[in-house]
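To keep things clear, I will list the structure first and then write my remarks on it.
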Amino acid sequence: MELYIPIIGLAVAVFVLVFLVLRTRVHALIAMLIAASIAGLSGGLSAVQTIDTITKGFGSTLGSIGIVIGLGVMMGRVLEVSGAAEQIAYSFIKWLGKKREEWALAITGYIVSIPIFVDSAFVILYPLVKALAKKGQRNLLTLGVALAGGLILTHHAVPPTPGPLGVAGIFGVDIGAMMLAGLILAIPCVIGIVLYARWLGSKYPEFALQPDDEPPLDLHAAHQDYLATKAAKPLPSLLLSLLPIVTPIALIFINAVNSMLAKTASFSGLDGSLWGQVFAFLGSPVIALAISVLLAVATLMPKVDKQQTLERLEEGLQSAGIILLVTGAGGALGAVLRESGTGNLLAQHVASLPLSPILIPFVIATLVRLIQGSGTVAMITAASISAPIVSQLPGINMLAAAQAATLGALFFSYFNDSMFWVVNRMMGIKEVKQQIMVWSVPTTIAWAISLVGVLVLDWLM
């Protein structure tokens with residue numbers, strides 16, 4: 001019986017965590033710390049050891065990703081207030097042409113949500129959705145769901161968005177590899193959501209907006225008409241808008257490629273060469289994101305005074321505070337499971353099951369998401385519980401496991417998820433069945449496609 005006490009204790013800890021978040025006014029941060037304490041004490045750690053492990057786990061997790069989260073949200077805030085996100089949307093719409101606006105908006109969401117919080121990005125870009133639907137006589141649901149779908153996928157899968165960044169830290173996965181895998185895994189999911197969005201438009205034709213007896217405008221005219229309704233601020237060019245997003249991705253990617261090549265016989269001295277050393281420095285996530293913030297401030301806010309610039313950057317940091325704390329608490333829970341041996345004990349049982357270990361974080365993230373709604377909390381919780389388990393299993397692909405935790409948290413967004421209300425309220429959807437069709441179903445479609453992608457990634461690697 002003593003053998004199973006740590007597992008029973010973990011089950012109680014998870015139940016308490018879910019109950020506190022779902023049924024009480026206790027914040028997720030405190031709930032995670034309480035759960036970590038229960039898991040530590042029931043796992044055989046003394047009170048002092050439990051507290052010591054919690055503080056060390058909290059600190060080590062934030063030590064690896066805390067600065068990156070802070071820099072990422074600062075960059076995202078600059079992209080919000082400068083109009084860079086809108087410029088990216090306008091440009092893709094103009095390039096792809098009339099009747100393909102949904103693809104342009106999905107691509108925009110896919111790019112913009114890497115540094116910008118998903119709720120904010122949808123609110124910023126929704127006026128463009130409405131203008132194009134009206135002027136181009138397109139269905140509002142098709143365009144709105146396509147944009148939201150592109151936004152939600154990279155928000156879940158690609159650092160430096162705080163959720164996947166925290167998961168990468170808990171699993172000990174290279175951020176460059178996490179970023180590249182997330183970008184690839186998100187593509188088929190975005191395609192699936194856009195195809196669903198087009199079908200949704202045919203199912204609810206009443207959401208095809210009419211142009212108030214005005215003659216239909218071509219796409220360029222609709223674009224210009226929308227620009228004319230905006231405040232008289234010059235938008236940055238597309239190049240400058242994309243530069244702060246593309247630069248850190250490119251630097252981190254080059255460093256990741258260098259690291260892989262250095263392990264081969266042909267490039268064995270690459271990591272010690274000048275090229276390798278330069279990009280090891282520039283391609284580290286902290287330096288790459290710092291460069292990105294500097295670029296964003298210099299190119300997107302060139303005429304904004306010092307005080308206003310600092311206020312904008314600090315606004316971004318304020319929004320990151322609670323995410324940093326929840327991520328650190330998740331790391332503390334994972335550290336307790338490792339230190340107490342509960343993770344190793346569970347790993348021995350899981351290894352004997354006819355189940356791919358990759359499914360463990362995916363299933364946990366799915367269940368937590370369904371119960372309490374927040375995708376970020378779901379993926380951090382799944383990573384905290386599953387990382388100490390799967391890390392003990394032979395041959396486990398930690399990158400695939402980390403992505404499983406982030407993408408499992410896509411499942412069935414509904415009433416307890418803020419994005420559910422943002423999407424439906426902005427588009428004026430009031431009937432419950434329609435609300436579920438508009439946002440719960442497409443997130444579940446993306447969840448199912450992502451499961452296939454994660455399994456393929458695990459098989460390939």
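By convention in this document, the chains of the structure tokens carry letters A, B, ... by their order, each chain's residues are numbered from 1, and ligands are numbered from 1 in the order they are shown.
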
For Leu460 (chain A), find every residue with an atom within 12 Å (counting only C-alpha atoms), except residues of its own chain fewer than 3 positions away, and show them as a compact mmCIF listing (two decimals) with N, CA, C and O atoms, in the first residue's frame.
```
# COMPACT_ATOMS: atom_id res chain seq x y z
N ASN A 397 10.58 11.31 -26.79
CA ASN A 397 10.90 12.55 -27.51
C ASN A 397 10.31 13.70 -26.73
O ASN A 397 9.10 13.94 -26.78
N LEU A 399 10.54 16.91 -27.14
CA LEU A 399 9.97 17.98 -27.98
C LEU A 399 8.53 17.65 -28.36
O LEU A 399 7.64 18.50 -28.25
N ALA A 400 8.31 16.41 -28.80
CA ALA A 400 6.95 16.00 -29.16
C ALA A 400 6.04 16.01 -27.92
O ALA A 400 4.87 16.39 -28.00
N GLY A 453 -0.58 15.38 -35.95
CA GLY A 453 0.72 16.01 -36.16
C GLY A 453 1.74 15.65 -35.10
O GLY A 453 2.91 15.37 -35.39
N VAL A 454 1.31 15.63 -33.83
CA VAL A 454 2.21 15.27 -32.73
C VAL A 454 2.68 13.83 -32.85
O VAL A 454 3.87 13.52 -32.64
N LEU A 455 1.77 12.92 -33.19
CA LEU A 455 2.14 11.52 -33.36
C LEU A 455 3.11 11.33 -34.52
O LEU A 455 4.06 10.54 -34.43
N VAL A 456 2.90 12.07 -35.61
CA VAL A 456 3.83 12.01 -36.75
C VAL A 456 5.20 12.55 -36.34
O VAL A 456 6.23 11.97 -36.68
N LEU A 457 5.21 13.67 -35.59
CA LEU A 457 6.47 14.25 -35.14
C LEU A 457 7.22 13.25 -34.25
O LEU A 457 8.44 13.07 -34.40
```

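The coordinates place CA of Met419 (chain A) at 19.1 Å from CA of Ala448 (chain A).
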
Near region 32-42 of chain A, 10 Å: region 53-83 of chain A residue rows, closest pairs, only C-alpha atoms, as a tab-separated table:
```
residue	atom	partner	partner_atom	distance
A:Thr53	CA	A:Gly40	CA	8.5
A:Ile54	CA	A:Ala36	CA	7.2
A:Thr55	CA	A:Leu33	CA	9.9
A:Phe58	CA	A:Leu33	CA	9.8
```

Non-local contacts of Lys56 (chain A) (12 Å; only C-alpha atoms; under 3 positions in same chain excluded) as an MDAnalysis selection string: chainID A and resid 49:53 59:63 328:336 339

May I have the selected residues written with N, CA and C atoms, as a short mmCIF file (atom, residue, chain, number, x, y, z; two decimals), in the first residue's frame?
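Now in part_24.cif:
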```
data_model
loop_
_atom_site.label_atom_id
_atom_site.label_comp_id
_atom_site.auth_asym_id
_atom_site.auth_seq_id
_atom_site.Cartn_x
_atom_site.Cartn_y
_atom_site.Cartn_z
N GLN A 49 11.70 19.98 3.21
CA GLN A 49 12.11 19.56 1.87
C GLN A 49 11.08 19.99 0.82
N THR A 50 9.80 19.90 1.17
CA THR A 50 8.75 20.29 0.23
C THR A 50 8.85 21.77 -0.12
N ILE A 51 8.97 22.61 0.89
CA ILE A 51 9.07 24.06 0.65
C ILE A 51 10.33 24.38 -0.14
N ASP A 52 11.44 23.73 0.23
CA ASP A 52 12.71 23.97 -0.46
C ASP A 52 12.61 23.57 -1.93
N THR A 53 11.99 22.43 -2.20
CA THR A 53 11.83 21.97 -3.59
C THR A 53 10.92 22.89 -4.38
N GLY A 59 12.07 28.85 -9.02
CA GLY A 59 13.17 29.70 -9.47
C GLY A 59 13.86 29.18 -10.72
N SER A 60 14.08 27.85 -10.78
CA SER A 60 14.79 27.30 -11.94
C SER A 60 13.95 27.42 -13.22
N THR A 61 12.63 27.28 -13.08
CA THR A 61 11.77 27.41 -14.26
C THR A 61 11.78 28.85 -14.78
N LEU A 62 11.58 29.80 -13.90
CA LEU A 62 11.59 31.20 -14.34
C LEU A 62 12.99 31.65 -14.74
N GLY A 63 14.02 31.03 -14.16
CA GLY A 63 15.38 31.37 -14.54
C GLY A 63 15.66 31.06 -15.99
N GLY A 328 5.88 29.64 -13.10
CA GLY A 328 6.81 29.26 -12.03
C GLY A 328 6.20 28.25 -11.08
N ALA A 329 4.91 28.43 -10.75
CA ALA A 329 4.23 27.48 -9.88
C ALA A 329 4.12 26.11 -10.54
N GLY A 330 3.91 26.10 -11.85
CA GLY A 330 3.89 24.84 -12.58
C GLY A 330 5.24 24.14 -12.51
N GLY A 331 6.31 24.92 -12.63
CA GLY A 331 7.64 24.34 -12.49
C GLY A 331 7.89 23.79 -11.09
N ALA A 332 7.32 24.46 -10.09
CA ALA A 332 7.45 24.00 -8.71
C ALA A 332 6.76 22.66 -8.51
N LEU A 333 5.56 22.51 -9.08
CA LEU A 333 4.84 21.24 -8.99
C LEU A 333 5.63 20.12 -9.66
N GLY A 334 6.18 20.39 -10.84
CA GLY A 334 6.99 19.39 -11.52
C GLY A 334 8.22 19.00 -10.73
N ALA A 335 8.87 19.99 -10.09
CA ALA A 335 10.06 19.71 -9.29
C ALA A 335 9.73 18.81 -8.11
N VAL A 336 8.59 19.03 -7.48
CA VAL A 336 8.16 18.20 -6.35
C VAL A 336 7.96 16.75 -6.79
N GLU A 339 11.45 15.24 -7.36
CA GLU A 339 12.23 15.07 -6.14
C GLU A 339 11.66 13.98 -5.24
#
```

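The list of residues with at least one atom within 9 Å of Glu101 (chain A), based on only C-alpha atoms and without residues fewer than 2 positions apart in the same chain, reads Phe92, Ile93, Lys94, Leu96, Gly97, Lys98, Lys99, Trp103, Ala104, Leu105, Ala106, Val129, Leu132, Arg138, Leu143 and Leu219 of chain A.
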
Once you have the residues from the selection above, write them out as a compact mmCIF listing (two decimals), in the first residue's frame, restricted to N, CA, C and O atoms.
```txt
# COMPACT_ATOMS: atom_id res chain seq x y z
N PHE A 92 -1.32 41.17 -46.60
CA PHE A 92 -1.68 39.82 -47.05
C PHE A 92 -3.00 39.81 -47.80
O PHE A 92 -3.15 39.09 -48.79
N ILE A 93 -3.95 40.61 -47.34
CA ILE A 93 -5.25 40.69 -48.03
C ILE A 93 -5.06 41.23 -49.44
O ILE A 93 -5.64 40.72 -50.41
N LYS A 94 -4.26 42.25 -49.57
CA LYS A 94 -4.03 42.86 -50.89
C LYS A 94 -3.32 41.89 -51.83
O LYS A 94 -3.65 41.78 -53.01
N LEU A 96 -3.27 38.47 -51.72
CA LEU A 96 -4.02 37.26 -52.06
C LEU A 96 -5.25 37.56 -52.92
O LEU A 96 -5.76 36.69 -53.59
N GLY A 97 -5.74 38.78 -52.86
CA GLY A 97 -6.82 39.15 -53.76
C GLY A 97 -8.20 38.88 -53.23
O GLY A 97 -8.40 38.28 -52.18
N LYS A 98 -9.20 39.30 -53.98
CA LYS A 98 -10.59 39.21 -53.59
C LYS A 98 -11.03 37.75 -53.52
O LYS A 98 -10.58 36.91 -54.28
N LYS A 99 -11.94 37.48 -52.57
CA LYS A 99 -12.53 36.16 -52.32
C LYS A 99 -11.54 35.19 -51.68
O LYS A 99 -11.83 34.00 -51.53
N TRP A 103 -8.09 33.37 -46.16
CA TRP A 103 -6.73 32.83 -46.10
C TRP A 103 -5.75 33.91 -45.64
O TRP A 103 -4.83 33.65 -44.85
N ALA A 104 -5.94 35.13 -46.15
CA ALA A 104 -5.07 36.24 -45.75
C ALA A 104 -5.19 36.52 -44.26
O ALA A 104 -4.18 36.73 -43.56
N LEU A 105 -6.40 36.50 -43.73
CA LEU A 105 -6.60 36.76 -42.31
C LEU A 105 -6.04 35.63 -41.45
O LEU A 105 -5.48 35.88 -40.37
N ALA A 106 -6.18 34.40 -41.92
CA ALA A 106 -5.62 33.26 -41.18
C ALA A 106 -4.10 33.34 -41.12
O ALA A 106 -3.48 33.09 -40.07
N VAL A 129 -11.89 42.85 -40.25
CA VAL A 129 -12.77 41.74 -40.63
C VAL A 129 -14.15 42.26 -41.01
O VAL A 129 -14.71 41.91 -42.06
N LEU A 132 -14.14 44.38 -44.31
CA LEU A 132 -14.00 43.55 -45.52
C LEU A 132 -15.25 42.73 -45.77
O LEU A 132 -15.65 42.53 -46.92
N ARG A 138 -18.83 39.59 -48.01
CA ARG A 138 -18.39 38.29 -47.54
C ARG A 138 -19.09 37.95 -46.24
O ARG A 138 -19.61 38.81 -45.54
N LEU A 143 -14.76 35.05 -42.22
CA LEU A 143 -13.57 35.87 -42.03
C LEU A 143 -13.15 35.91 -40.56
O LEU A 143 -11.96 35.81 -40.25
N LEU A 219 -11.24 44.82 -53.77
CA LEU A 219 -10.49 44.60 -52.54
C LEU A 219 -9.61 45.79 -52.18
O LEU A 219 -9.54 46.21 -51.03
```
